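Below is final_32.cif, holding mmCIF, C-alpha atoms.
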data_upload
#
loop_
_atom_site.label_atom_id
_atom_site.label_comp_id
_atom_site.auth_asym_id
_atom_site.auth_seq_id
_atom_site.Cartn_x
_atom_site.Cartn_y
_atom_site.Cartn_z
CA MET A 9 68.60 28.70 5.05
CA ARG A 10 69.57 30.75 8.09
CA PHE A 11 65.94 31.37 8.82
CA PHE A 12 65.29 27.71 8.90
CA LYS A 13 68.37 26.87 10.96
CA ASN A 14 67.08 29.03 13.78
CA TRP A 15 65.81 26.52 16.28
CA GLN A 16 62.72 28.43 17.17
CA PHE A 17 61.38 28.62 13.66
CA SER A 18 62.21 25.04 12.82
CA LEU A 19 60.45 23.80 15.91
CA ALA A 20 57.59 26.16 15.20
CA PHE A 21 57.27 24.82 11.70
CA VAL A 22 57.31 21.24 12.89
CA LEU A 23 54.73 21.95 15.55
CA PHE A 24 52.66 23.84 13.03
CA LEU A 25 52.47 20.86 10.73
CA THR A 26 51.90 18.54 13.67
CA GLY A 27 49.00 20.70 14.80
CA ILE A 28 47.40 20.58 11.40
CA MET A 29 47.80 16.85 11.09
CA LEU A 30 46.50 16.30 14.59
CA MET A 31 43.33 18.27 13.98
CA LEU A 32 42.80 16.60 10.64
CA ALA A 33 43.19 13.19 12.20
CA LEU A 34 40.77 14.05 14.98
CA HIS A 35 38.29 15.28 12.45
CA ALA A 36 38.70 12.19 10.35
CA ILE A 37 38.15 9.87 13.27
CA HIS A 38 35.40 11.61 15.14
CA GLY A 39 34.13 13.84 12.41
CA GLU A 40 31.72 16.73 12.57
CA ALA A 41 28.35 15.29 13.47
CA ASP A 42 26.64 18.02 11.58
CA SER A 43 28.78 18.16 8.47
CA PRO A 44 26.83 17.63 5.26
CA THR A 45 28.75 14.48 4.38
CA GLN A 46 28.06 13.03 7.79
CA GLN A 47 24.42 13.96 7.53
CA LYS A 48 24.22 12.45 4.10
CA ASN A 49 25.88 9.32 5.38
CA LYS A 50 23.50 9.14 8.29
CA ARG A 51 20.56 9.61 5.97
CA LEU A 52 21.82 6.90 3.66
CA ILE A 53 22.33 4.57 6.57
CA THR A 54 18.81 5.19 7.82
CA MET A 55 17.52 4.70 4.30
CA ILE A 56 19.35 1.41 4.00
CA GLN A 57 17.98 0.27 7.32
CA GLN A 58 14.48 1.22 6.27
CA GLN A 59 14.84 -0.59 2.99
CA GLU A 60 16.09 -3.67 4.77
CA GLU A 61 13.13 -3.58 7.15
CA GLU A 62 10.75 -3.18 4.22
CA LEU A 63 12.42 -6.07 2.49
CA GLU A 64 11.91 -8.24 5.54
CA GLN A 65 8.27 -7.20 5.70
CA LEU A 66 7.74 -7.96 2.02
CA LYS A 67 9.42 -11.31 2.37
CA LYS A 68 7.11 -12.17 5.23
CA ASN A 69 4.17 -10.95 3.16
CA ILE A 70 5.16 -13.12 0.22
CA ASN A 71 5.42 -16.10 2.53
CA GLU A 72 1.98 -15.50 3.95
CA LYS A 73 0.48 -15.01 0.51
CA ARG A 74 2.10 -18.21 -0.69
CA GLU A 75 0.66 -20.13 2.21
CA SER A 76 -2.75 -18.64 1.55
CA LEU A 77 -2.50 -19.56 -2.11
CA ASN A 78 -1.55 -23.09 -1.15
CA LYS A 79 -4.49 -23.37 1.15
CA TYR A 80 -6.87 -22.00 -1.45
CA GLN A 81 -5.52 -24.32 -4.12
CA LYS A 82 -6.00 -27.27 -1.82
CA ASN A 83 -9.51 -26.11 -0.99
CA LEU A 84 -10.26 -25.57 -4.63
CA SER A 85 -9.19 -29.06 -5.59
CA GLU A 86 -11.15 -30.45 -2.66
CA GLY A 87 -14.03 -28.17 -3.52
CA LYS A 88 -13.88 -29.39 -7.07
CA LEU A 89 -14.32 -32.89 -5.80
CA GLU A 90 -17.21 -31.64 -3.71
CA THR A 91 -18.81 -29.92 -6.67
CA GLU A 92 -18.29 -32.99 -8.80
CA LYS A 93 -19.94 -35.13 -6.17
CA LEU A 94 -22.82 -32.71 -5.85
CA GLN A 95 -23.15 -32.50 -9.60
CA TYR A 96 -23.33 -36.26 -9.83
CA GLU A 97 -25.97 -36.42 -7.10
CA LEU A 98 -27.88 -33.65 -8.77
CA ASP A 99 -27.88 -35.44 -12.11
CA LYS A 100 -29.07 -38.62 -10.47
CA LEU A 101 -31.84 -36.84 -8.64
CA LEU A 102 -32.89 -34.99 -11.75
CA VAL A 103 -33.46 -38.29 -13.51
CA LEU A 104 -35.18 -39.81 -10.52
CA SER A 105 -37.50 -36.92 -9.89
CA GLY A 106 -39.00 -36.96 -13.32
CA LEU A 107 -38.90 -33.21 -13.53
CA TYR A 108 -36.53 -33.30 -16.50
CA PRO A 109 -36.75 -35.06 -19.81
CA VAL A 110 -34.49 -38.06 -20.11
CA GLN A 111 -33.21 -40.12 -22.94
CA GLY A 112 -31.78 -43.56 -23.36
CA GLU A 113 -32.47 -46.98 -24.79
CA GLY A 114 -35.76 -48.68 -23.90
CA ILE A 115 -39.06 -49.99 -25.21
CA THR A 116 -42.49 -48.72 -26.20
CA VAL A 117 -45.57 -50.76 -25.38
CA HIS A 118 -48.70 -50.24 -27.46
CA LEU A 119 -52.05 -51.09 -25.88
CA ASP A 120 -55.49 -50.60 -27.35
CA ASP A 121 -59.01 -51.61 -26.67
CA ASN A 122 -60.02 -54.93 -28.08
CA THR A 123 -62.56 -53.50 -30.47
CA LYS A 124 -62.37 -56.44 -32.82
CA GLY A 125 -62.98 -58.90 -30.06
CA LYS A 126 -65.78 -56.74 -28.81
CA GLU A 127 -67.49 -56.73 -32.19
CA LEU A 128 -67.15 -60.48 -32.49
CA ALA A 129 -68.50 -61.08 -29.00
CA LEU A 130 -71.40 -58.70 -29.57
CA GLN A 131 -72.25 -60.50 -32.73
CA LYS A 132 -72.11 -63.88 -31.10
CA ASN A 133 -73.61 -63.22 -27.73
CA PRO A 134 -74.98 -59.67 -27.24
CA GLU A 135 -76.61 -60.22 -23.85
CA GLN A 136 -73.67 -61.83 -22.12
CA THR A 137 -71.07 -59.53 -23.56
CA ARG A 138 -69.62 -57.12 -21.06
CA ILE A 139 -68.05 -54.26 -22.90
CA GLU A 140 -65.63 -53.50 -20.10
CA ASP A 141 -63.98 -56.85 -20.66
CA PHE A 142 -62.72 -55.53 -23.92
CA LEU A 143 -61.42 -52.21 -22.69
CA ILE A 144 -58.09 -51.29 -21.29
CA HIS A 145 -58.55 -50.47 -17.64
CA ASP A 146 -56.54 -48.44 -15.20
CA LYS A 147 -55.37 -51.53 -13.37
CA HIS A 148 -53.92 -52.94 -16.62
CA LEU A 149 -51.80 -49.83 -16.97
CA LEU A 150 -50.90 -49.92 -13.30
CA TYR A 151 -49.73 -53.53 -13.39
CA ILE A 152 -47.71 -52.96 -16.53
CA VAL A 153 -46.07 -49.90 -14.98
CA TYR A 154 -45.20 -51.95 -11.86
CA GLU A 155 -43.82 -54.76 -13.94
CA LEU A 156 -41.70 -52.33 -15.90
CA ARG A 157 -40.40 -50.92 -12.63
CA ALA A 158 -39.64 -54.37 -11.34
CA ALA A 159 -37.70 -54.96 -14.53
CA GLY A 160 -35.58 -51.92 -13.80
CA ALA A 161 -37.20 -49.18 -15.86
CA GLU A 162 -35.66 -45.83 -14.96
CA ALA A 163 -38.29 -43.59 -16.54
CA ILE A 164 -41.83 -44.38 -17.65
CA SER A 165 -44.49 -42.37 -19.43
CA ILE A 166 -47.99 -43.15 -20.66
CA ASN A 167 -49.10 -41.15 -23.66
CA ASN A 168 -46.36 -38.64 -22.88
CA GLN A 169 -47.43 -38.33 -19.27
CA ARG A 170 -44.34 -38.90 -17.12
CA ILE A 171 -44.98 -41.30 -14.28
CA ILE A 172 -43.45 -39.96 -11.10
CA ASN A 173 -43.73 -40.88 -7.43
CA SER A 174 -46.98 -39.08 -6.93
CA THR A 175 -48.58 -40.08 -10.23
CA ASP A 176 -52.08 -41.55 -10.01
CA ILE A 177 -53.56 -43.82 -12.64
CA ARG A 178 -57.30 -43.89 -12.13
CA CYS A 179 -60.46 -44.73 -14.03
CA VAL A 180 -62.60 -41.70 -14.60
CA GLY A 181 -65.68 -42.68 -16.44
CA THR A 182 -64.64 -43.91 -19.83
CA THR A 183 -61.13 -42.50 -19.66
CA ILE A 184 -58.11 -43.12 -17.54
CA GLN A 185 -56.70 -40.22 -15.64
CA VAL A 186 -52.95 -39.97 -15.30
CA ASN A 187 -51.38 -36.97 -13.55
CA ALA A 188 -54.72 -35.17 -13.68
CA GLU A 189 -54.78 -35.61 -17.46
CA ARG A 190 -57.47 -37.68 -19.13
CA LEU A 191 -56.04 -40.22 -21.50
CA ALA A 192 -57.80 -42.34 -24.09
CA PRO A 193 -56.68 -45.41 -25.96
CA PRO A 194 -54.48 -46.24 -27.74
CA PHE A 195 -51.97 -46.12 -24.95
CA ILE A 196 -48.31 -45.85 -25.70
CA ILE A 197 -46.15 -46.65 -22.74
CA LYS A 198 -42.53 -45.57 -23.03
CA ALA A 199 -39.93 -46.99 -20.70
CA ILE A 200 -36.20 -46.34 -20.55
CA GLY A 201 -34.12 -49.25 -19.38
CA ASP A 202 -32.48 -52.39 -20.67
CA PRO A 203 -34.73 -53.27 -23.64
CA ASP A 204 -34.12 -57.00 -23.48
CA ASN A 205 -34.82 -57.17 -19.77
CA LEU A 206 -37.96 -55.12 -20.00
CA THR A 207 -39.33 -57.17 -22.88
CA ARG A 208 -38.53 -60.42 -21.14
CA VAL A 209 -40.38 -59.42 -17.99
CA LEU A 210 -43.41 -58.23 -19.92
CA GLU A 211 -43.55 -61.41 -21.92
CA THR A 212 -43.48 -63.76 -18.96
CA GLU A 213 -46.53 -65.93 -18.74
CA ARG A 214 -48.17 -64.31 -15.77
CA SER A 215 -47.46 -60.69 -16.72
CA GLN A 216 -50.32 -58.33 -17.31
CA TYR A 217 -49.10 -57.70 -20.79
CA ASN A 218 -49.20 -61.35 -21.60
CA ILE A 219 -52.67 -61.76 -20.14
CA LEU A 220 -53.94 -58.97 -22.35
CA LYS A 221 -52.16 -60.45 -25.31
CA MET A 222 -53.69 -63.86 -24.70
CA ALA A 223 -57.10 -62.26 -24.30
CA GLY A 224 -56.82 -60.94 -27.79
CA PHE A 225 -56.01 -57.30 -27.08
CA PRO A 226 -54.03 -55.58 -29.83
CA VAL A 227 -50.74 -55.09 -27.98
CA SER A 228 -47.14 -54.88 -29.13
CA ILE A 229 -43.69 -54.09 -27.87
CA GLU A 230 -40.96 -52.24 -29.74
CA LYS A 231 -37.34 -51.91 -28.75
CA HIS A 232 -35.58 -48.60 -29.25
CA SER A 233 -31.97 -47.55 -28.93
CA ASN A 234 -32.72 -43.93 -28.20
CA LEU A 235 -35.94 -42.98 -26.49
CA VAL A 236 -36.86 -39.56 -25.19
CA ILE A 237 -39.24 -39.39 -22.26
CA GLU A 238 -40.67 -36.01 -21.43
CA SER A 239 -40.67 -34.36 -18.06
CA TYR A 240 -43.44 -34.22 -15.56
CA LYS A 241 -45.20 -30.93 -16.14
CA GLY A 242 -47.62 -30.94 -13.26
CA SER A 243 -47.33 -29.54 -9.79
CA TYR A 244 -46.42 -31.20 -6.54
CA GLN A 245 -46.77 -30.35 -2.91
CA PHE A 246 -44.68 -31.13 0.12
CA THR A 247 -46.52 -29.88 3.16
CA GLN A 248 -46.20 -32.87 5.47
CA ALA A 249 -42.95 -34.52 4.63
CA GLN A 250 -39.79 -32.88 5.99
CA PRO A 251 -36.21 -33.99 5.47
CA LYS A 252 -35.28 -36.03 8.47
CA GLU A 253 -32.64 -34.22 10.57
CA GLU A 254 -29.48 -36.22 11.11
CA MET B 26 60.57 30.90 23.35
CA TRP B 27 57.03 31.60 22.44
CA VAL B 28 57.44 31.22 18.66
CA PRO B 29 57.11 27.45 18.71
CA PHE B 30 53.97 27.72 20.81
CA LEU B 31 52.57 30.22 18.37
CA GLY B 32 53.39 27.82 15.58
CA LEU B 33 51.52 25.03 17.36
CA LEU B 34 48.53 27.23 18.04
CA ILE B 35 48.30 28.45 14.47
CA GLY B 36 48.61 24.87 13.28
CA LEU B 37 45.77 23.70 15.53
CA LEU B 38 43.58 26.60 14.44
CA ILE B 39 44.16 26.02 10.76
CA GLY B 40 43.62 22.31 11.26
CA THR B 41 40.25 22.96 12.90
CA VAL B 42 39.10 25.33 10.20
CA LEU B 43 40.50 23.32 7.34
CA ASN B 44 37.76 20.79 6.63
CA ILE B 45 39.53 18.45 4.29
CA PRO B 46 37.33 15.35 4.10
CA ILE B 47 39.65 12.45 4.68
CA PRO B 48 38.54 9.23 3.10
CA GLY B 49 37.78 6.78 5.90
CA VAL B 50 40.53 4.31 5.13
CA LEU B 51 43.24 6.97 5.18
CA ALA B 52 42.21 8.11 8.66
CA LYS B 53 44.28 5.57 10.52
CA TYR B 54 47.37 6.21 8.39
CA LEU B 55 46.98 9.86 9.35
CA SER B 56 46.80 8.86 13.01
CA ILE B 57 50.05 6.96 12.89
CA ALA B 58 51.65 9.85 11.02
CA VAL B 59 50.54 12.16 13.81
CA LEU B 60 52.32 9.91 16.29
CA ALA B 61 55.50 10.10 14.23
CA ALA B 62 55.18 13.85 14.01
CA LEU B 63 54.79 14.15 17.76
CA ASP B 64 57.86 12.02 18.26
CA SER B 65 59.87 14.33 15.98
CA ALA B 66 58.60 17.40 17.81
CA PHE B 67 59.49 16.05 21.24
CA GLY B 68 62.82 14.87 19.95
CA GLY B 69 63.46 18.41 18.77
CA ILE B 70 62.52 19.89 22.13
CA LYS B 71 64.81 17.46 23.91
CA SER B 72 67.69 18.36 21.62
CA ILE B 73 67.16 22.01 22.48
CA PHE B 74 67.59 21.30 26.17
CA GLU B 75 70.67 19.17 25.46
CA GLU B 76 72.15 22.03 23.41
CA LYS B 77 72.42 19.61 20.54
CA PHE B 78 69.70 21.12 18.41
CA ASN B 79 70.11 20.46 14.69
CA ALA B 80 67.43 21.92 12.46
CA THR B 81 68.34 19.67 9.54
CA ILE B 82 67.95 16.55 11.60
CA LEU B 83 64.67 17.80 13.01
CA LEU B 84 63.13 18.67 9.67
CA THR B 85 64.36 15.65 7.72
CA GLY B 86 63.45 13.38 10.61
CA PHE B 87 59.97 14.85 10.79
CA PHE B 88 59.12 14.32 7.12
CA ALA B 89 60.87 11.00 6.84
CA ASN B 90 59.30 9.52 9.95
CA THR B 91 55.75 10.66 9.22
CA LEU B 92 55.88 9.36 5.67
CA MET B 93 57.57 6.15 6.73
CA ALA B 94 55.04 5.52 9.49
CA ALA B 95 52.08 5.98 7.13
CA LEU B 96 53.69 3.77 4.50
CA LEU B 97 54.42 1.08 7.05
CA ALA B 98 50.82 1.06 8.19
CA TYR B 99 49.58 0.85 4.61
CA LEU B 100 52.02 -1.94 3.79
CA GLY B 101 50.90 -3.76 6.90
CA ASP B 102 47.29 -3.57 5.76
CA GLN B 103 48.17 -4.94 2.37
CA LEU B 104 50.24 -7.79 3.81
CA GLY B 105 47.74 -8.58 6.49
CA VAL B 106 50.28 -7.94 9.27
CA ASP B 107 49.79 -5.18 11.84
CA LEU B 108 53.00 -3.42 10.91
CA TYR B 109 51.70 -0.15 12.30
CA LEU B 110 52.31 -1.64 15.72
CA ALA B 111 56.05 -1.32 15.12
CA ALA B 112 55.67 2.41 14.59
CA VAL B 113 53.40 2.76 17.60
CA ILE B 114 55.83 1.00 19.91
CA ALA B 115 58.94 2.68 18.54
CA PHE B 116 57.54 6.19 18.59
CA GLY B 117 55.69 5.65 21.81
CA VAL B 118 58.82 4.51 23.63
CA ARG B 119 60.87 7.37 22.25
CA LEU B 120 58.10 9.81 23.15
CA PHE B 121 58.11 8.80 26.80
CA GLN B 122 61.91 8.73 26.96
CA ASN B 123 62.11 12.24 25.50
CA LEU B 124 59.44 13.43 27.86
CA ALA B 125 61.37 12.07 30.81
CA ILE B 126 64.55 13.79 29.67
CA ILE B 127 62.73 17.06 29.05
CA ARG B 128 61.16 16.87 32.47
CA ARG B 129 64.52 16.25 34.12
CA GLU B 130 66.09 19.11 32.23
CA LEU B 131 63.29 21.45 33.19
CA LEU B 132 63.55 20.45 36.84
CA ASP B 133 67.32 20.90 36.73
CA LYS B 134 66.86 24.34 35.26
CA MET B 135 64.35 25.26 37.92
CA VAL B 136 66.68 24.02 40.66
CA GLU B 137 69.57 25.97 39.07
CA LYS B 138 67.47 29.12 38.98
CA ARG B 139 66.59 28.74 42.63
CA GLN B 140 70.17 28.18 43.59
CA LEU B 141 71.18 31.23 41.58
CA LYS B 142 68.54 33.32 43.38
CA ARG B 143 69.79 32.15 46.77
CA ARG B 144 73.37 32.95 45.87
CA LYS B 145 72.34 36.38 44.64
CA GLY B 146 70.44 36.89 47.86
CA ASP B 147 73.49 35.82 49.87
CA ASN B 148 75.75 38.05 47.86
CA SER B 149 73.58 41.08 48.23
CA GLU B 150 73.43 40.59 51.95
#
Whole structure, structure tokens version:
Amino acid sequence: MRFFKNWQFSLAFVLFLTGIMLMLALHAIHGEADSPTQQKNKRLITMIQQQEEELEQLKKNINEKRESLNKYQKNLSEGKLETEKLQYELDKLLVLSGLYPVQGEGITVHLDDNTKGKELALQKNPEQTRIEDFLIHDKHLLYIVYELRAAGAEAISINNQRIINSTDIRCVGTTIQVNAERLAPPFIIKAIGDPDNLTRVLETERSQYNILKMAGFPVSIEKHSNLVIESYKGSYQFTQAQPKEE
Amino acid sequence: MWVPFLGLLIGLLIGTVLNIPIPGVLAKYLSIAVLAALDSAFGGIKSIFEEKFNATILLTGFFANTLMAALLAYLGDQLGVDLYLAAVIAFGVRLFQNLAIIRRELLDKMVEKRQLKRRKGDNSE
């Protein structure tokens, strides 16, 4: 106790402890910049900052990707409409062009030479009989095709020869040439369209079909609910015509 | 005379070398405790000059004040009131008062010494 009551040692002790505490406090506040804990802390802080920056970047990325996706989805739906439109046009043109077989309801028209009438006429009046009056001519076929078109036929074929825009129907000697193919009677004309309408037009008084019928030619019309008309199998050329620029 | 200084020096040295990692939150309680400790030290020095030195008072005061100051700061944090301010003001005021007294005592001593020297000089002549 005496030792401690000496003023010098007491004061020394107090100052000793004060010194320790002071240095500890200074260290705690300012710290050693190079101490491992400090370094670790600094590293962690930098790491955290980096992670936060990355997070921001990724968030921005996600945003951009979402916007892109949105745009693409919109384009896709619009594009779908476009493709649908194009598809529809394509289908229409395919039917119109005659390059593809088509099916639908329609009629078949049978035409044949008037052999019976010819025989009768020859028997009765051989000198004045003109054989060609009893034959089916190219113009008969032509007129019937036109009448069918006027009646709204969407596809026509004669003896399985599809009639397209550039089809010719011409007399070549004793046969009729259609699409560079020689055809002989009997002629079966197929037409796809409204059967009732087509028949009605053909059976009007002034129609070519009716004229032939009245003249005694063996002709008939049949209605069908499902007719298949083949495609045009020939070639075609477009050397002059160009699509008009808009 | 030099023993206390030695004590201080040794304390500072050990404090520098001793790398106790203080958890961050405790740092400011340590700071206020340091203030209390300084106040006790200066109070002790003053009492020496006033010839009223009491080791018991010094030592008990030192421990009691440092602990009390730290506790007060902690309590203040918990209550949401800056109670540490009370310690800062109290100890700060006492610190400066003690310093003033110590300074006056030192000056008085110096003046006394000078006067004694003069008298000795007069006497010898």
Subject >> Using all atoms listed in the file: which of B:Ala95, B:Arg119, B:Phe74, B:Ala80 has the shortest distance to Leu132 (chain B) >> reply: B:Phe74
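What separates CA of Val153 (chain A) from CA of Gln248 (chain A) is a distance of 26.6 Å.
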**OP:** Could you list the residues in chain B lying within 6 Å of chain A, using only C-alpha atoms, and format the result as an MDAnalysis selection string?
**Re:** chainID B and resid 29 32:33 36:37 40:41 47 52 55:56 59 62 80
Subject >> One-decimal distance in Å that lies between CA of Gly68 (chain B) and CA of Leu84 (chain B) >> reply: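 Spanning CA of Leu84 (chain B) to CA of Gly68 (chain B) is a straight-line distance of 11.0 Å.
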**OP:** I need the residue set behind the PyMOL selection byres ((chain A and resi 164) around 8) for this file; please write it as number ranges by chain.
**Re:** A: 153, 161-163, 165-166, 170-171, 197-200, 237
Selection from above, C-alpha atoms, as a short mmCIF file (atom, residue, chain, number, x, y, z; two decimals), keeping the file's coordinate frame, can you write it?
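Writing done, so here's out-v8.cif:
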data_model
loop_
_atom_site.label_atom_id
_atom_site.label_comp_id
_atom_site.auth_asym_id
_atom_site.auth_seq_id
_atom_site.Cartn_x
_atom_site.Cartn_y
_atom_site.Cartn_z
CA VAL A 153 -46.07 -49.90 -14.98
CA ALA A 161 -37.20 -49.18 -15.86
CA GLU A 162 -35.66 -45.83 -14.96
CA ALA A 163 -38.29 -43.59 -16.54
CA SER A 165 -44.49 -42.37 -19.43
CA ILE A 166 -47.99 -43.15 -20.66
CA ARG A 170 -44.34 -38.90 -17.12
CA ILE A 171 -44.98 -41.30 -14.28
CA ILE A 197 -46.15 -46.65 -22.74
CA LYS A 198 -42.53 -45.57 -23.03
CA ALA A 199 -39.93 -46.99 -20.70
CA ILE A 200 -36.20 -46.34 -20.55
CA ILE A 237 -39.24 -39.39 -22.26
#
